[in-house]
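A short worksheet on the structure shown next.
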Amino acid sequence: MTSTNGAPVSPPEAVEFPPKEIKKECDEIVARYPTRMAACLPVLHVAQRHFGGWVSPEVEAGVAEYLGVSDSHIRGLLTFYAMYNDKPAGRHEVWVCRTLTCWLLGAEKLRETALAKSGCEKPGMTSPDGKFLVKNMECLGLCEAAPAVFVDGKPHVNVSNEQLEKLMDACE
Amino acid sequence: MAKKYPETKILSRNFGVENSWTLDVARERGAYKSLEKALEEMTPDQLIEEVKTSRVRGRGGAGFPTGVKWGFVPKENDKPKYLVLNADESEPGTFKDRYLMELDPHLVLEGCLLCAYACGLSTIYIYVRGEYPLSIERLEGAIEEARKAGFIGKKVLGKKGFDVECYVHPGAGAYICGEETGMLESLEGKRGHPRIKPPFPAVEGAFGCPTVINNVETLAHVPWIVEHGGQAFADQGIQPDPDNPKALGSSGTKLMGVSGPVKNPGVWEFEFGITVKELIYDYAGGPLDGREVKAVIPGGLSMPVLTADELDVKMGFDDLVKVGSGLGTGTAIVMDDSCDMVEACENIAHFFADESCGQCTPCREGCHWMEKIFARIKGGEGTPADLDLLERLFINIEGRTICALADAAVWPLRSIIRKFRHEFLAKMPGTDAADGEDPKAAEAETVGAK
């Protein structure tokens, strides 16, 4: 295979999927649905958790093979759904809600704090030291306790700038 | 002081009870009694009739009569039939279903099982948004407990021919998956691109099979309806308007919430009839000290705003439509006088631009255009012609797409630029409003000129 400029391109080598640590979990998920494709979303959650917080082209190819869909189908899901990462994630993931209620109650300042504290250039990017991935998220459904953030999948509500700094300080 | 409109405790009766999400506590407090009653005393058709009698309307935003929806499922059909419970709750400002799933998952399951019995469904998928980890955990725990207790599985409670399985399906962060056919696509493992209807899901839904899709809160009402009868439910709330066949009334109770800069944001349950004003001032505590309410979106983000002068209206399906807005999800977002409406519009437009699935050009392109125009006005580079351009965009976006996301983007934005026009003009160099003249006069002038 070659790219448009003639340079050789090799397709990613699929990882063995699912690895034994998550095989039972993945097989159980597949058994819930009448088609294998339907297991894509929950299996990608498991895969992302297992492989360091992101789905690499190699993992993508492995999942595609396992579920009998094309690599590009999996890529389409990774780029459509906000919770998946198709680039290396930081060791810690910070989500800042940016939708109306949180915005009314100070989400912009929280985002600035998260970016400054992590060293991330802008939302959606990983910090140069690889420690943090800061993401802008649309409504997280915690509006009665806005503003809300998630740190490593765990919700925090009524968050002040100081509290967010402390939460990020606590990340190793 | 005027007497507060009273709270009710039907859906919310177990909120605040210790370990309310466990089977033992839930059963002590009556969980699954309605399922037992229905399986013993009612045929599936009788159950559907009871739900029709209750006149319960969908609590997810559209307000479609639930019993009618159930009646659409074809009886003579060999295909498996599904229930997809819409627990995506991605509408901004909405958090009521989260309370039900976290605090009373067995009530949610009982509602699902009653629906499955009524419509002859064999598998229940609960589509929960991925951002609700605790809801997912509590529902999965409840399903496990219910399976062990014989409420889920082969021959539920010994009833021959009633086999039902139940799974949680986690979403992965996409507003559009709250749209019922986008949700079906997502359940099937695809991008959440809404489908053209017909065929409607009741005939051809998940995996090409008949499918019922209901909101969490809607189905949570069903156990009470079975216990007390549909008429008792219909007797509560706001009655239909005999002179208007479209006004189907707002029967029963509703979880209503308030978020934004108020003293006591939260969620409460009321028999329909409370006004927006009572909800915001008596329960949510009103605006923060020294502030005034400027605008309210009564139900989620996708409805037209009400100004502070328009809040004496009941939180009901037909009542809010009558004043040009809508009940939506029944959870209000309050904006106070510190809120810059131009910036709010930019924020809202960004949400819809970000969450547009990209299938239909008017939405995919239009939402970004709207966001750019609001950003331009915010930056002081807008002109009054931009407001006319927005009006033309609204016409070319609303109703011209597969699903209602584009309409949902237009409604709040159009209402804001019409009701707060002076704030937009004030940011436009050379207009009277920007020159510091009386904003109301400037507004009257521009409205008159249209």
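Each chain in the structure tokens gets a letter, A, B and so on, in the order shown; residues start at 1 in every chain, and ligands are counted from 1 in the order they appear.
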Would you give me, as a tab-separated table, each residue of chain B having an atom within 7 Å of an atom of chain A, along with its shortest atom pair and that distance in Å to one decimal, using only C-alpha atoms and sorting by chain and residue number?
residue	atom	partner	partner_atom	distance
B:Ser90	CA	A:Gly141	CA	6.9
B:Pro92	CA	A:Cys139	CA	5.2
B:Gly93	CA	A:Cys143	CA	5.5
B:Thr94	CA	A:Gly141	CA	6.0
B:Phe95	CA	A:Gly141	CA	5.2
B:Glu131	CA	A:Leu140	CA	6.2
B:His169	CA	A:Pro42	CA	6.9
B:Pro170	CA	A:Pro42	CA	6.1
B:Gly171	CA	A:Leu41	CA	6.9
B:Ala172	CA	A:Met83	CA	5.2
B:Gly173	CA	A:Ala82	CA	4.8
B:Ala174	CA	A:Tyr81	CA	5.7
B:Leu187	CA	A:Ala38	CA	5.9
B:Glu188	CA	A:Ala38	CA	4.1
B:Gly189	CA	A:Ala38	CA	4.1
B:Lys190	CA	A:Leu77	CA	6.7
B:Arg191	CA	A:Leu77	CA	5.8
B:Val258	CA	A:Glu144	CA	6.8
B:Ser259	CA	A:Glu144	CA	5.0
B:Gly260	CA	A:Thr101	CA	5.1
B:Pro261	CA	A:Leu105	CA	6.6
B:Pro265	CA	A:Glu144	CA	5.1
B:Gly266	CA	A:Glu144	CA	5.1
B:Ile333	CA	A:Thr101	CA	6.8
B:Asn347	CA	A:Leu100	CA	6.5
B:Ile348	CA	A:Leu100	CA	6.6
B:Phe351	CA	A:Thr99	CA	6.7
Exercise for the section: List the neighbours of range 356-362 of chain B out to 8 Å using only C-alpha atoms; skip same-chain residues closer than 3 positions along the sequence, and give me the result as a PyMOL selection string. Expected result: chain B and resi 176+192-193+352-353+365-367+396-397+400-402+405-406
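Here the strand (DSSP E or B) residues in range 92-165 of chain A, by DSSP on the backbone, are A:His92, A:Glu93, A:Val94, A:Trp95, A:Val96, A:Cys97, A:Thr126, A:Phe132, A:Leu133, A:Val134, A:Lys135, A:Asn136, A:Met137, A:Val149, A:Phe150, A:Val151, A:Lys154, A:Pro155, A:His156.
Taking CA of Ile124 in chain B as the reference point, CA of Leu83 in chain B is found at 4.7 Å.
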Handout entry: Which of A:Asp27, A:Glu165, A:Glu172, A:Asp71 sits closest to Ala116 in chain A [using only C-alpha atoms]
Key = A:Glu165
Handout entry: Long-range neighbours of Gly237 in chain B as number ranges by chain, 7 Å cut-off, only C-alpha atoms, 2 positions minimum in chain
Key = B: 235, 239, 250-253, 271-273
May I have the residues from that selection written out with N, CA, C and O atoms, as a tab-separated table (two decimals), in the first residue's frame?
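What follows is the written file out01.tsv:
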chain	number	residue	atom	x	y	z
B	235	ASP	N	-57.08	12.00	36.83
B	235	ASP	CA	-57.78	13.00	37.65
B	235	ASP	C	-56.82	14.04	38.22
B	235	ASP	O	-57.23	15.10	38.67
B	239	GLN	N	-56.42	19.25	33.28
B	239	GLN	CA	-57.33	18.49	32.41
B	239	GLN	C	-57.23	18.97	30.96
B	239	GLN	O	-56.83	20.10	30.70
B	250	SER	N	-52.29	17.77	30.96
B	250	SER	CA	-51.05	17.32	31.59
B	250	SER	C	-51.46	16.55	32.82
B	250	SER	O	-51.61	17.11	33.90
B	251	SER	N	-51.70	15.23	32.64
B	251	SER	CA	-52.21	14.46	33.77
B	251	SER	C	-51.07	13.98	34.65
B	251	SER	O	-49.93	13.86	34.21
B	252	GLY	N	-51.41	13.75	35.93
B	252	GLY	CA	-50.46	13.15	36.85
B	252	GLY	C	-49.47	14.13	37.45
B	252	GLY	O	-49.72	15.33	37.55
B	253	THR	N	-48.32	13.59	37.81
B	253	THR	CA	-47.28	14.39	38.45
B	253	THR	C	-46.06	14.45	37.54
B	253	THR	O	-45.98	13.72	36.56
B	271	GLU	N	-47.83	17.66	41.33
B	271	GLU	CA	-48.95	17.45	40.46
B	271	GLU	C	-48.92	18.63	39.49
B	271	GLU	O	-48.67	19.76	39.91
B	272	PHE	N	-49.18	18.39	38.20
B	272	PHE	CA	-49.16	19.50	37.25
B	272	PHE	C	-50.08	20.62	37.72
B	272	PHE	O	-51.18	20.36	38.21
B	273	GLY	N	-49.66	21.87	37.55
B	273	GLY	CA	-50.47	22.99	37.96
B	273	GLY	C	-49.63	24.11	38.56
B	273	GLY	O	-50.05	25.27	38.59
Practice task
as a PyMOL selection string, please: all residues of range 156-355 of chain B that backbone DSSP puts in helix (DSSP H, G or I).
Solution key: chain B and resi 156-158+175-178+180-187+206-208+216-220+222-228+230-234+276-283+308-310+317-322+341-355
Fill in the blank from the handout: If you count only C-alpha atoms, the residue of A:Ala47, A:Ser118, A:Val149, A:Ser3 closest to Lys20 in chain A turns out to be A:Ala47
Practice task
Write out as a ChimeraX atom specification each polymer residue whose atoms come within 10 Å of Arg195 in chain B, counting only C-alpha atoms; drop sequence neighbours fewer than 5 positions from it.
Solution key: /B:179-185,200-201,205,359,402-403
Write the residues you've just listed into a file as a CSV table (one decimal), in the first residue's frame, and include all heavy atoms for each of them.
chain,number,residue,atom,x,y,z
B,179,GLU,N,-32.3,11.5,20.7
B,179,GLU,CA,-33.3,11.4,19.7
B,179,GLU,C,-33.6,9.9,19.4
B,179,GLU,O,-32.6,9.1,19.3
B,179,GLU,CB,-32.8,12.1,18.4
B,179,GLU,CG,-33.9,12.5,17.4
B,179,GLU,CD,-34.3,11.3,16.5
B,179,GLU,OE1,-33.6,10.3,16.4
B,179,GLU,OE2,-35.4,11.5,16.0
B,180,GLU,N,-34.8,9.5,19.4
B,180,GLU,CA,-35.1,8.1,19.5
B,180,GLU,C,-34.5,7.2,18.4
B,180,GLU,O,-34.0,6.1,18.6
B,180,GLU,CB,-36.6,7.8,19.6
B,180,GLU,CG,-37.5,8.3,18.4
B,180,GLU,CD,-38.9,7.9,18.6
B,180,GLU,OE1,-39.3,7.5,19.6
B,180,GLU,OE2,-39.7,8.1,17.6
B,181,THR,N,-34.4,7.7,17.1
B,181,THR,CA,-33.9,6.9,16.1
B,181,THR,C,-32.3,7.0,16.1
B,181,THR,O,-31.6,6.0,15.7
B,181,THR,CB,-34.4,7.2,14.7
B,181,THR,OG1,-34.2,8.6,14.4
B,181,THR,CG2,-35.9,6.9,14.7
B,182,GLY,N,-31.8,8.1,16.5
B,182,GLY,CA,-30.4,8.2,16.7
B,182,GLY,C,-29.9,7.2,17.8
B,182,GLY,O,-28.9,6.6,17.7
B,183,MET,N,-30.8,7.1,18.8
B,183,MET,CA,-30.5,6.1,19.9
B,183,MET,C,-30.5,4.7,19.3
B,183,MET,O,-29.6,3.9,19.7
B,183,MET,CB,-31.5,6.3,21.0
B,183,MET,CG,-31.5,5.2,22.0
B,183,MET,SD,-32.6,5.6,23.4
B,183,MET,CE,-31.7,7.0,24.0
B,184,LEU,N,-31.4,4.4,18.4
B,184,LEU,CA,-31.4,3.0,17.9
B,184,LEU,C,-30.2,2.7,17.1
B,184,LEU,O,-29.6,1.7,17.2
B,184,LEU,CB,-32.7,2.9,17.0
B,184,LEU,CG,-34.0,2.9,17.7
B,184,LEU,CD1,-35.2,2.8,16.6
B,184,LEU,CD2,-34.2,1.8,18.7
B,185,GLU,N,-29.7,3.7,16.3
B,185,GLU,CA,-28.5,3.5,15.5
B,185,GLU,C,-27.3,3.3,16.5
B,185,GLU,O,-26.5,2.4,16.3
B,185,GLU,CB,-28.2,4.8,14.7
B,185,GLU,CG,-29.1,5.0,13.5
B,185,GLU,CD,-28.9,3.9,12.4
B,185,GLU,OE1,-27.8,3.9,11.8
B,185,GLU,OE2,-29.8,3.2,12.1
B,200,PHE,N,-41.8,3.9,11.5
B,200,PHE,CA,-41.7,4.3,12.9
B,200,PHE,C,-41.1,3.1,13.7
B,200,PHE,O,-41.3,2.0,13.4
B,200,PHE,CB,-43.0,4.8,13.5
B,200,PHE,CG,-43.4,6.1,12.9
B,200,PHE,CD1,-44.2,6.2,11.8
B,200,PHE,CD2,-43.0,7.3,13.5
B,200,PHE,CE1,-44.6,7.4,11.2
B,200,PHE,CE2,-43.3,8.5,12.9
B,200,PHE,CZ,-44.1,8.6,11.8
B,201,PRO,N,-40.4,3.5,14.8
B,201,PRO,CA,-39.8,2.4,15.6
B,201,PRO,C,-40.8,1.3,16.1
B,201,PRO,O,-40.4,0.2,16.2
B,201,PRO,CB,-39.2,3.2,16.8
B,201,PRO,CG,-39.0,4.5,16.3
B,201,PRO,CD,-40.1,4.8,15.3
B,205,GLY,N,-37.9,-0.9,14.4
B,205,GLY,CA,-37.0,-0.1,15.3
B,205,GLY,C,-35.6,-0.7,15.5
B,205,GLY,O,-34.9,-0.8,14.5
B,359,GLN,N,-25.6,14.9,9.4
B,359,GLN,CA,-26.3,14.4,8.2
B,359,GLN,C,-26.9,15.4,7.3
B,359,GLN,O,-26.8,15.3,6.1
B,359,GLN,CB,-27.4,13.4,8.7
B,359,GLN,CG,-27.1,12.0,9.0
B,359,GLN,CD,-28.3,11.2,9.2
B,359,GLN,OE1,-28.5,10.3,8.4
B,359,GLN,NE2,-29.1,11.4,10.2
B,402,ILE,N,-33.9,15.9,9.1
B,402,ILE,CA,-34.5,14.6,9.5
B,402,ILE,C,-35.0,14.7,10.9
B,402,ILE,O,-36.1,14.2,11.1
B,402,ILE,CB,-33.4,13.5,9.3
B,402,ILE,CG1,-33.0,13.4,7.9
B,402,ILE,CG2,-33.9,12.2,9.9
B,402,ILE,CD1,-31.8,12.4,7.6
B,403,CYS,N,-34.3,15.2,11.8
B,403,CYS,CA,-34.8,15.2,13.2
B,403,CYS,C,-35.0,16.6,13.8
B,403,CYS,O,-34.8,17.6,13.1
B,403,CYS,CB,-33.8,14.4,14.1
B,403,CYS,SG,-32.4,15.3,14.7
Handout entry: Within 12 Å of Leu279 in chain B using only C-alpha atoms, minus same-chain residues under 6 positions, as a PyMOL selection string
Key = chain B and resi 4-7+255-259+262+264-270+272-273+285-287+296+298+311-315+330-334
